[in-house]
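Here the structure is laid out as structure tokens; the discussion comes afterwards.
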Amino acid sequence: MKNLESNICSHIHKAIVSIGKVASEQLSEISLQATKVEFEGDFTLVCFQFTRLLGKNPEQIGNEIGGYLLENCSDIENFNVVKGFLNLSVKDSSWKKEFLDFGDSEIWKGLPGKSERILIEYSSPNTNKPLHLGHLRNNFLGYSLSELLKFAGYDVVKANLVNDRGIHICKSMVAYMESGMTETPESSGMKGDHFVGKYYVQFDQILKSQVAELVKNGVSEDLAKEKAPVSIKAKKMLLDWESGDKEVLGLWKTMNGWVYKGFEATYKRMGVDFDKFYYESDTYILGKDVVDEGLASGVFFKKEDGSVWIDLTNEGLDQKLVLRSDGTSVYITQDIGTAELKFKEFKMDRSVYVVGNEQDYHFVVLFHILRKLGRSYAKGLHHLSYGMVDLPSGKMKSREGTVVDADELMDEMVNTAKERTSELGKIADFEANELNELYEVLGLGAIKYFLLKVDPKKRMMFNPQESIELNGNTATAIQYTHARISAISRKAIQQGLELKLTAIPDSLEKSEKDLLKHLLKFESIVLEASTEYSPAVIANYLYETSRLYNSFFAHESIFQASTAEKVQFRVALSVKSGEVIRACGKILGIVMPERM
RNA sequence: GGUCCCGUAGCUCAGCUGGAUAGAGCAACUGCCUUCUAAGCAGUAGGUCUUUGGUUCGAAUCCAAACGGGAUCACCA
């Protein structure tokens, strides 16, 4: 699309210069839009924008530019002006050339490399409970953003900062100790992360009963929460952990080990991976030297009690603590330190944090701090902030048991895919392992697409009662389109037909032209998605591709086309569509099956 | 209360760098499988784009305010 469209634009530019006798610098960039179906033409130029510059009415302008193009631009066959809109019809030969260039290109292997490295931090789980639906959105977003940027030519590093320490882990540990430490994931047959999560929930139950007891004896609720024996134990355990108590560290390692084993299985099933793991137990001490540096340079200041702050009132924010009065770190201290560590290790040009929007403020502050500290990497920082996944009952709350567990959801969707597949009964000749692989691909694809097609920054709704759809705007329907295309190319190979797009028939059916024009947009869509950090852009484009292909498929017969040339062309068009669908699927982490 | 995000069809979402009659899917209703995969296609119906002002030749899109929903404002992470 690039060549044809930009060529026309540059001619329009010249036309305006020649018509209005204006300096070419006075013109901003010309952009065209696709002509609406109700009108004749391929591209439309909106002429109102030039009325002031040229001192003429839009109709006149349209006619004059149209006339100029007809004479000077070899791509234009005809034009018409409706109100202020100049509709341009492109010659079939120009379209043909454009389509053939596209047929030659191998753009779906990825865009040319850009010597820029981007580090993407995502997932970042707590090690005290299993992953839930919210984590799925985070993981799929982070993974597909990484794939998207890789595809766009960047050097991408995927990092996971595991939150493996803190009071929440101590809670699981305390509850486990209270239970007598008799069972293990092995003995109970539970997945490690679910096993530890069970004790985290148990802690809360013990706490509740102890608080109730204290309240009955006249203690206020707030105080009771603090004074409950398990609360005290958890706090003491955190201190013991920090002072390196052998026993506590031992239990901590054991329990985290169980969780990691569970996470590993879940990550594998989700199809996400990481190049680098950071652990907060290593990084939580970092950042203090940077605070010292900032104090010396005057970016931070110290209050009488010894606490260290940054004043962001000039930025429209308030004062923010960066070091406690006792000299210990807070959350943001660690993040400063971790940012330094990442840069030291990877020298990345950009750094993206895939973190929920409840931390918007935190990242605004963090980025301000790093900028004020004069860090070279500060301009490349970006918070990919995504909205929560809501249930019809409202927010997910682990304590109220209203979470949708990631492992369970994946099981359910794979199962739904299985039921549907056997209902349709098309794959009777599949081996058992092929079948299971297909169910997995369909179930996981459905969840991924469901979560990725929505603009990341928006909150979204998930209704666990109705399982994720398999008809309509879903991964399943897209995967189906791909399977269909694969069937076409199998048959074409059998018949010894050429799969490459090497020739374009003189006249194209509407559905063919629409599909081709849409496929041409692929590169610019990838660029748009990567500059906006939005896999949703890819997902929506992918769906449109699938829809247009299906429409073409339903309207035109491929192997029964009137001429051999048309058969060849339609086969090649199908193959191309399949390539684009697969490329989008790869970016989204959705596998496209050959048969289903 | 301050700050930030969101508000489009009954439901879930596109469209938002201003352009012609606002698009999909689900749900409802009609058609289409003796011919390449009907998990599909074609159609009907469904809209004061939360409201009110402003900017503009032109606003779902930009600006302001109001209303509604959410997040956040800890020496928690």
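Following the order of the structure tokens, chains are lettered A, B, ..., residues in each are numbered from 1, and ligands are numbered from 1.
All chain A residues having an atom within 6 Å of chain B, based on only C-alpha atoms (C1' of nucleotides), amount to Arg324, Glu358, Gly472, Asn473, Ala477, Arg484 and Ala554 of chain A.
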Could you write out, as an MDAnalysis selection string, all the residues of stretch 119-357 of chain A that DSSP marks as strand (DSSP E or B)?
chainID A and resid 119:121 126 132 155:163 276:279 300:302 308:311 319:323 329 350:356
Write out as a VMD selection string which residues come within 8 Å of A:Asn160 when counting only C-alpha atoms (C1' of nucleotides), dropping same-chain ones fewer than 4 positions away.
chain A and resid 121 to 124 274 276 to 278
Could you write out that same residue set with N, CA and C atoms as a CSV table (one decimal), in the first residue's frame?
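Done, and the output landed in out.csv:
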chain,number,residue,atom,x,y,z
A,121,GLU,N,9.0,-6.0,31.1
A,121,GLU,CA,8.7,-6.8,32.4
A,121,GLU,C,7.3,-7.1,32.5
A,122,TYR,N,7.0,-8.3,32.7
A,122,TYR,CA,5.6,-8.7,32.8
A,122,TYR,C,5.4,-9.9,33.7
A,123,SER,N,4.2,-10.2,34.0
A,123,SER,CA,3.9,-11.4,34.9
A,123,SER,C,4.0,-11.0,36.4
A,124,SER,N,5.3,-10.9,36.8
A,124,SER,CA,5.6,-10.5,38.2
A,124,SER,C,4.6,-11.0,39.2
A,274,PHE,N,10.3,-16.4,29.5
A,274,PHE,CA,11.0,-15.2,30.0
A,274,PHE,C,12.5,-15.4,29.7
A,276,LYS,N,14.7,-13.6,31.5
A,276,LYS,CA,15.4,-13.2,32.7
A,276,LYS,C,14.4,-13.2,33.9
A,277,PHE,N,14.8,-13.8,34.9
A,277,PHE,CA,14.0,-13.7,36.2
A,277,PHE,C,14.8,-12.9,37.2
A,278,TYR,N,14.0,-11.9,37.8
A,278,TYR,CA,14.6,-11.2,38.9
A,278,TYR,C,13.8,-11.6,40.1
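These are the residues of stretch 21-83 of chain A assigned alpha helix (DSSP H) by DSSP from backbone coordinates: Thr51, Arg52, Leu53, Leu54, Pro58, Glu59, Gln60, Ile61, Gly62, Asn63, Glu64, Ile65, Gly66, Gly67, Tyr68, Leu69, Leu70, Glu71 and Asn72 of chain A.
Separating atom C1' of B:U51 from atom C1' of B:C63 is a distance of 16.0 Å.
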Using only C-alpha atoms (C1' of nucleotides), which residues sit within 9 Å of A:Lys233 once same-chain residues fewer than 4 positions away are excluded, as a VMD selection string?
chain A and resid 170 to 171 174 228 to 229 237 to 238
For atom CA of A:Asp92 and atom CA of A:Ser74, quote the distance in Å rounded to one decimal.
11.3 Å
